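Trainee: One structure coming up, written as structure tokens, with questions to follow.
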Amino acid sequence: MFRTFRIATYASLLALSGGFAASATAAELHVVASFSIIADLAKNVGGERVEVKTLVGPDGDAHVYEPRPADAVALEAANVVLVNGLELEGFMKRLIETSGTKAPVVEVTKGIEPLKAEEEHHHDHEGGEKKEAGHEDHHHHHGEFDPHAWQSIHNGEIYVKNIADAFCETDKAGCATYTANAEAYLAKLEALEKDVKAAIAEIPADKRTIITTHDAFGYFEHDYGLKFIAPEGISTEAEASAADVAKLIDQVKEDKASALFLENITNPRLIEQISAETGIKVGGTLYSDALSGEDGPASTYIDMFRHNVKTLKAAILGS
């Protein structure tokens, strides 16, 4: 539907939508980030030299997002476009094409070691039952790899370096600023990772099985030693079938899961059903694919990790 908009329409939309041209700032770079987590990292690297517009905002779900005409306007006016890649943002290719943007589109996952999507599913029992027909469709549109790479702080550091490189390439005069900002923020992430590992180490090995709504925590599991199982796949687009849920409930009982958690981007119905049928209480809300609003407990990438770990520990250990 975007193709029907002409330049005059773009200009009027820009004025009405909070686009870059409508804001009087001293920013040297106008940056579009595909979703809230990348936007926060970009703000930390860019500081006052950048203005960041986020397509999928706080508590939003990039898996199912439907672009608006104002998004095309923002891309057309951008100097840099930041995306996760790994086929997370299914809407971006069409949006980029219709916007006519000339800005470089930077995949911030470049250089990470992606996890195979198939390897990070825990719908079946350990030891090797194959997924029943239909499971593969849950992550088919995301391709071969799990896109939730930001759930590893080490990967978050790679995101930051890629963002700094992109800003330096586009705004060479500001490169020293971007580099200094990135180094300062990377030091904070290094300290954060030490804290996360220390906190997880306090959770007994037999209490490390966690249930969430969809498979968003594969990288967290890989790096920090918890086991996450979920009724839905890598994406939130495909709902779990009754057979999926029944199978998961059996697995929960067998694996003696310690806690159930809601996610800020998903419907609580499934988790509430599993809670009712297993007797395991819901331990709170984890932030998986999006940050909270500014007044929430996970309004930054660092706060998201601290909140999630605190919530996990409190539910499992009762502290």
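Simple scheme: letters A, B, ... for chains in structure tokens order, numbers from 1 for residues in each chain, numbers from 1 for ligands in the order shown.
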Going by DSSP on the backbone, which bits of segment 67-296 of chain A are strand (DSSP E)? Write them as a list in words, please.
Mentor: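 Listing strand (DSSP E) positions across segment 67-296 of chain A yields Val80, Val81, Leu82, Val83, Val105, Val106, Glu107, Thr209, Ile210, Ile211, Lys227, Phe228, Ile229, Ala259, Leu260, Phe261, Leu262, Glu263, Val282, Gly283, Gly284, Thr285 and Leu286 of chain A.
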Trainee: Within 10 Å of Glu66 of chain A, counting only C-alpha atoms, which residues show up once you throw out same-chain ones fewer than 4 positions away? Write them as a ChimeraX atom specification, please.
Mentor: /A:55-56,61-62,71,90-92,95
Trainee: Segment 291-305 of chain A: which residues within 7 Å, counting only C-alpha atoms, same-chain residues fewer than 6 positions away excluded, as a list in words?
Mentor: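 Result of the neighbour search: Ser36, Ile37, Asp40, Pro58 and Asp59 of chain A.
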Trainee: Grab the residues selected above and save them as a PDB file, in the first residue's frame with C-alpha atoms.
Mentor:
ATOM      1  CA  SER A  36      13.686  -1.339  20.765  1.00  0.00           C
ATOM      2  CA  ILE A  37      16.729  -3.358  21.862  1.00  0.00           C
ATOM      3  CA  ASP A  40      18.922   1.370  22.938  1.00  0.00           C
ATOM      4  CA  PRO A  58       8.647  -1.077  23.675  1.00  0.00           C
ATOM      5  CA  ASP A  59       6.687  -4.286  24.315  1.00  0.00           C
TER       6      ASP A  59
END
Trainee: Counting only C-alpha atoms, which residue out of A:Phe145, A:Tyr178, A:Tyr159, A:Phe228 sits closest to Ser258 of chain A?
Mentor: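 That would be A:Phe228, the residue with the smallest distance to Ser258 of chain A.
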Trainee: Would you return as number ranges by chain the members of segment 58-288 of chain A that DSSP assigns to helix (DSSP H, G or I) on this structure's backbone?
Mentor: A: 69-77, 92-99, 118-120, 137-140, 149-151, 153-170, 172-201, 205-207, 218-224, 242-255, 269-278
Trainee: Any idea what's packed within 9 Å of Val282 of chain A, counting only C-alpha atoms, ignoring anything in its chain fewer than 3 positions away? Could you give it as a PDB file with C-alpha atoms, in the first residue's frame?
Mentor:
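Below is the file out_38.pdb, written as the result:
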ATOM      1  CA  ALA A 259       9.376 -21.970  37.218  1.00  0.00           C
ATOM      2  CA  LEU A 260       7.014 -20.624  34.567  1.00  0.00           C
ATOM      3  CA  PHE A 261       7.358 -17.148  33.100  1.00  0.00           C
ATOM      4  CA  LEU A 262       5.282 -14.856  30.969  1.00  0.00           C
ATOM      5  CA  ILE A 271       1.535 -20.168  30.383  1.00  0.00           C
ATOM      6  CA  GLU A 272      -1.522 -19.815  32.604  1.00  0.00           C
ATOM      7  CA  SER A 275       0.507 -23.442  35.332  1.00  0.00           C
ATOM      8  CA  THR A 285       7.403 -11.586  33.325  1.00  0.00           C
ATOM      9  CA  ALA A 315      10.967 -17.355  41.373  1.00  0.00           C
TER      10      ALA A 315
END
Trainee: Pick out the closest residue to Lys197 of chain A from this set: A:Ser152, A:Thr212, A:Asn181, A:Thr311. Count only C-alpha atoms.
Mentor: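 For Lys197 of chain A, the nearest of the given residues is A:Ser152.
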Trainee: Lys253 of chain A: which residues within 12 Å, counting only C-alpha atoms, same-chain residues fewer than 5 positions away excluded, as a VMD selection string?
Mentor: chain A and resid 125 209 211 246 to 248 258 to 259 274 to 275 277 to 280
Trainee: Which one is closest to Lys227 of chain A: A:Val245, A:Lys110, A:Lys43, A:Arg208? Count only C-alpha atoms.
Mentor: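 Closest candidate: A:Arg208.
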Trainee: If we count only C-alpha atoms, what is near Ala164 of chain A at a cut-off of 8 Å, once residues fewer than 3 positions away on the same chain are taken out, given as a PyMOL selection string?
Mentor: chain A and resi 45-46+160-161+167-168+175+178-179+182
Trainee: Which residues, written as a ChimeraX atom specification, have at least one atom at most 6 Å from His30 of chain A, with only C-alpha atoms counted and residues fewer than 3 positions away on the same chain left out?
Mentor: /A:50-51,78-79
Trainee: What would the file look like if the residues just selected were written as a PDB file, in the first residue's frame with N, CA, C and O atoms?
Mentor:
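Listed below is the output, result-v3.pdb:
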ATOM      1  N   VAL A  50      23.406  11.400  17.423  1.00  0.00           N
ATOM      2  CA  VAL A  50      22.431  10.647  16.639  1.00  0.00           C
ATOM      3  C   VAL A  50      21.020  10.860  17.169  1.00  0.00           C
ATOM      4  O   VAL A  50      20.812  11.109  18.354  1.00  0.00           O
ATOM      5  N   GLU A  51      20.072  10.769  16.252  1.00  0.00           N
ATOM      6  CA  GLU A  51      18.660  10.702  16.602  1.00  0.00           C
ATOM      7  C   GLU A  51      18.164   9.352  16.123  1.00  0.00           C
ATOM      8  O   GLU A  51      18.345   8.988  14.955  1.00  0.00           O
ATOM      9  N   ALA A  78      16.414   8.435   6.580  1.00  0.00           N
ATOM     10  CA  ALA A  78      17.494   7.951   7.453  1.00  0.00           C
ATOM     11  C   ALA A  78      18.862   8.026   6.787  1.00  0.00           C
ATOM     12  O   ALA A  78      18.995   7.931   5.562  1.00  0.00           O
ATOM     13  N   ASN A  79      19.884   8.180   7.624  1.00  0.00           N
ATOM     14  CA  ASN A  79      21.273   8.055   7.184  1.00  0.00           C
ATOM     15  C   ASN A  79      21.803   6.642   7.371  1.00  0.00           C
ATOM     16  O   ASN A  79      22.700   6.201   6.659  1.00  0.00           O
TER      17      ASN A  79
END
